[in-house]
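Asker: Let me give you the structure first, and then I'll get to my questions.
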Amino acid sequence: MKLKQLMNDFLRDYLKENDIKFEDWSINVSNQDSFGDYSSNIALKLTKQLEESPIKIANSIANHKNNSSKIFTISASKPGFINFHISNDYYLKALDQILKEGENFGRKKELNKSANVEFVSCNPTGPLTVGHGRQAILGDMVSNILTWNGYNVTREYYYNDAGKQMRVLAESCYAKYAQQIGKEIDMPEDGYIGTYLDEIALKIVERHGKNLKSNDPIFRDFTEKEIFSDIKNTLESIGIKFDVFSKEGTFYKNGAINDILKKFQEKGLSYKKDGAVWFKTSGLGKKEDKVLVKSSGEPTYRLPDIAYHADKIDRGFDLIVDIFGADHIDTYPDVLLGLKSLDKKTSHIKVVIHQFVTIKKGGEIVKMSTRKANFITLNELKSQLSSDIIRYFFIMRGANSHLDFDLDLAKDESEKNPVYYLQYANARISNLLIRYDKEISDERKIDLSLLKENDEIALAKLLSEFPNKMEEVLKSLEPRKIATYLEEVAAAYHKFYGNHKIINLQNLALSASRKKLCEATKIILKNGLSILGISAPERM
RNA sequence: GCCCCGGUAGCUCAGCUGGAUAGAGCAACGGAUUUCUAAUCCGUAGGUCACAGGUUCAAAUCCUGUCCGGGGUACCA
């Protein structure tokens, strides 16, 4: 960050000295060594305004007085780029800082800001599927990213304990119960037919006998409890814990839903038609109006969702993140509209939408349908794969892309599996450090300037970028970017390791410096992996 | 019908706040000192960035349209 500032300062200084008013330039990482470390397009952008050829402007800029000459030199190249060449010294100094700050390197201090991350939030009508798994892991990592950047994070799970789905679940469970005790009863329409319900029904028979009536609350309460505890166990097995569980029923009981209806009515934003209450979204930029309360008297999901979000806003979080599956893409704008019309602040709500997951097995896509009990559960996945692998594979693609979960690759314990690539780099370093201490007991002042090889500088440069990366990730809330970065770090380390001897009894000073580079790499790998919630084994 | 996401190497995908010769992993092929852990490294080959227009000094990236794939779309959530 400091580095970019210095480069920008240099450009600003040039503009000021030449009395040019201009702001629209960028500085990017160069894509070729001969173009230095960073490049700016400022001269190209200035061509029109100055009515000069870009290369002329670039040369003029490159010759401008450089107050940061110890940190970088400047050159101009072909069409008109300004190239900044950063001194090795700058990157090596970053190593000192990494070693000094250790597990806090790149971490933001307490911001005194709070964030709420809502994710998973599925109703307890069945076991979690791999689709929920993606959301769970995405949400957990987003939470970690926020924590790392200084937020005080609340992980929240919201579910509907009162609606139609739970009623159907109870009816389905009764039907299964009836089957267990030898009665033939038809499954309710759109009922849940998964085998997990058979197990629950059997438990009910065992514990409560065979004489329960269909309307016994046990069929709802017991089932909810059973399924929920299964969900919690599943989540825990991949390292996820929630701080708060919110129930939809709360907002009926405390009157929030009626209040909102009343306010909409007062503001003229709702009306009655065909026995239902409609939300006049057409006046707010939408094409059609939406139903708030069905003619049956039951609210649609929108109303409680608005109430729930209003509640989150009122709890005073500085940032509210909603992680939703692609099925919400059309519906969350309604909720935001509702909140806005209630004069609630919504600018601090960030919605992360992720696409769905397909499982690839033996080169073929396994089609899934949740209702028809034709799905792969997260538990099944967990029984075959470690938490580390599951976590990594779910964020290997951007949230906005469909995810093909390649089961065969995930199970593969060879070098093909990218998770091991990262972990192996860490294990390699750990082993090396142990060996180093055995062979070299020499204590000396470290002279990092002995690190001059391209592989060494490239690695140091990459390590120094970690804090910037974390800031980027805070903006995009894309854990994948951390994974990509760590793969680069591991690759740079493996390359350095392959080309250069670290423990060299003939050159203890150089050995000591290289050891420091290894230690710094280990810190970065560990810090990055910890945000992803993936272990960094010392030995493999 | 309408909405969202995607179309980049044989496969899976990066890159997309516009920038200099489009990258990685896997697969293919060829190599690496009796290893500081070879779960590694080096090299070769592989591309009309779906297509057509447009904006621009500059387009894989922005705009428009078309085609293909996936998903959503209700008084279900």
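All residue names refer to the structure tokens as shown: chains lettered A, B, ... in order, residues numbered from 1 in each chain, ligands numbered from 1 in order.
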Taking only C-alpha atoms (C1' of nucleotides) into account, what are the residues of chain B at most 9 Å from chain A, put as a list in words?

Answerer: C3, C4, C5, G6, U12, C13, A14, G19, A20, G25, C26, C36, U37, A39, U40, C41, C57, G70, G71, G72, U73, C75, C76 and A77 of chain B

Asker: Pull the helix (DSSP H, G or I) assignments for range 62-269 of chain A out of DSSP run on the backbone, and list those residues as a ChimeraX atom specification.

Answerer: /A:62,88-104,130-148,164-180,195-208,218-237,249-253,256-266

Asker: What separation in Å, quoted to one decimal, exists between CA of Lys361 in chain A and CA of Gly139 in chain A?

Answerer: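 Computing the Euclidean distance for CA of Lys361 in chain A and CA of Gly139 in chain A yields 25.7 Å.
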
Asker: Leaving out Val244 in chain A and any residue of its chain fewer than 6 positions from it, which residues lie within 10 Å of it when counting only C-alpha atoms (C1' of nucleotides), given as a PyMOL selection string?

Answerer: chain A and resi 116+118+154-158

Asker: So that I can check the surroundings of Thr223 in chain A, please list as an MDAnalysis selection string every protein, DNA and RNA residue that reaches within 10 Å of it, counting only C-alpha atoms (C1' of nucleotides) and ignoring chain neighbours fewer than 6 positions away.

Answerer: chainID A and resid 124:126 166 169:170 173 197 200:201 203:204 217 229

Asker: Give me the residues near G15 in chain B as a list in words, where near means some atom within 10 Å (using only C-alpha atoms (C1' of nucleotides)) and where sequence neighbours in that chain fewer than 2 positions away do not count.

Answerer: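 So the residues in contact are U8, A22, G23, A60 and U61 of chain B.
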
Asker: If we count only C-alpha atoms (C1' of nucleotides) and set the cut-off at 10 Å, which residues sit around range 374-386 of chain A, ignoring sequence neighbours fewer than 2 positions away in its own chain? Please answer as a VMD selection string.

Answerer: chain A and resid 126 to 134 193 to 194 230 to 231 233 to 235 237 to 238 358 to 359 366 to 372 388 to 391 407 410 to 412

Asker: Name all residues at most 12 Å from Asn211 in chain A (count only C-alpha atoms (C1' of nucleotides); drop same-chain ones fewer than 2 positions away) and give them as a tab-separated table (two decimals) with N, CA, C and O atoms, in the first residue's frame.

Answerer:
```
chain	number	residue	atom	x	y	z
A	174	TYR	N	-45.38	-37.97	9.95
A	174	TYR	CA	-46.49	-38.80	10.47
A	174	TYR	C	-46.78	-39.95	9.51
A	174	TYR	O	-46.99	-41.09	9.95
A	177	TYR	N	-44.31	-42.51	10.04
A	177	TYR	CA	-44.60	-43.14	11.34
A	177	TYR	C	-45.71	-44.18	11.17
A	177	TYR	O	-45.60	-45.31	11.65
A	178	ALA	N	-46.72	-43.76	10.44
A	178	ALA	CA	-47.84	-44.67	10.19
A	178	ALA	C	-47.36	-45.94	9.48
A	178	ALA	O	-47.74	-47.05	9.82
A	180	GLN	N	-44.45	-47.23	9.73
A	180	GLN	CA	-43.69	-48.02	10.70
A	180	GLN	C	-44.61	-48.89	11.55
A	180	GLN	O	-44.25	-50.00	11.92
A	181	ILE	N	-45.78	-48.35	11.88
A	181	ILE	CA	-46.67	-49.13	12.73
A	181	ILE	C	-47.72	-49.89	11.93
A	181	ILE	O	-48.72	-50.35	12.45
A	182	GLY	N	-47.48	-49.98	10.63
A	182	GLY	CA	-48.29	-50.85	9.81
A	182	GLY	C	-49.55	-50.25	9.23
A	182	GLY	O	-50.38	-50.96	8.67
A	183	LYS	N	-49.70	-48.93	9.36
A	183	LYS	CA	-50.86	-48.29	8.73
A	183	LYS	C	-50.44	-47.76	7.38
A	183	LYS	O	-49.32	-47.30	7.21
A	204	ILE	N	-39.25	-42.26	16.79
A	204	ILE	CA	-40.46	-41.81	17.48
A	204	ILE	C	-41.24	-43.02	17.99
A	204	ILE	O	-41.74	-43.03	19.12
A	205	VAL	N	-41.30	-44.06	17.15
A	205	VAL	CA	-41.98	-45.28	17.58
A	205	VAL	C	-41.31	-45.83	18.83
A	205	VAL	O	-41.98	-46.18	19.81
A	206	GLU	N	-40.00	-45.88	18.81
A	206	GLU	CA	-39.26	-46.45	19.93
A	206	GLU	C	-39.46	-45.65	21.21
A	206	GLU	O	-39.57	-46.21	22.30
A	207	ARG	N	-39.48	-44.36	21.09
A	207	ARG	CA	-39.53	-43.54	22.30
A	207	ARG	C	-40.93	-43.19	22.77
A	207	ARG	O	-41.16	-42.95	23.94
A	208	HIS	N	-41.85	-43.08	21.82
A	208	HIS	CA	-43.16	-42.58	22.21
A	208	HIS	C	-44.30	-43.56	21.91
A	208	HIS	O	-45.46	-43.21	22.05
A	209	GLY	N	-43.94	-44.74	21.46
A	209	GLY	CA	-44.97	-45.74	21.26
A	209	GLY	C	-45.74	-45.58	19.97
A	209	GLY	O	-45.43	-44.72	19.14
A	213	LYS	N	-51.32	-39.57	17.74
A	213	LYS	CA	-52.26	-39.12	16.72
A	213	LYS	C	-51.53	-38.23	15.72
A	213	LYS	O	-50.47	-37.68	16.01
A	214	SER	N	-52.15	-38.09	14.56
A	214	SER	CA	-51.46	-37.37	13.49
A	214	SER	C	-51.15	-35.93	13.86
A	214	SER	O	-50.19	-35.35	13.36
A	215	ASN	N	-51.94	-35.35	14.74
A	215	ASN	CA	-51.70	-33.95	15.06
A	215	ASN	C	-50.81	-33.76	16.29
A	215	ASN	O	-50.68	-32.67	16.83
A	216	ASP	N	-50.19	-34.83	16.74
A	216	ASP	CA	-49.31	-34.71	17.91
A	216	ASP	C	-48.11	-33.83	17.57
A	216	ASP	O	-47.47	-34.01	16.54
```

Asker: Just to confirm, what's the straight-line distance from C1' of A52 in chain B to C1' of G65 in chain B in Å (one decimal)?

Answerer: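 Taking C1' of A52 in chain B and C1' of G65 in chain B, their separation equals 8.0 Å.
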
Asker: What is the C1' of G47 in chain B to CA of Tyr38 in chain A distance in Å?

Answerer: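 It comes out at 27.1 Å.
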
Asker: Mind the document's chain letters and residue numbers, and return as a PyMOL selection string the residues of range 268-490 of chain A that DSSP labels strand (DSSP E or B).

Answerer: chain A and resi 270-273+276-279+290-293+299+319-325+349-354+357-361+364-366+369+374+377+403-406
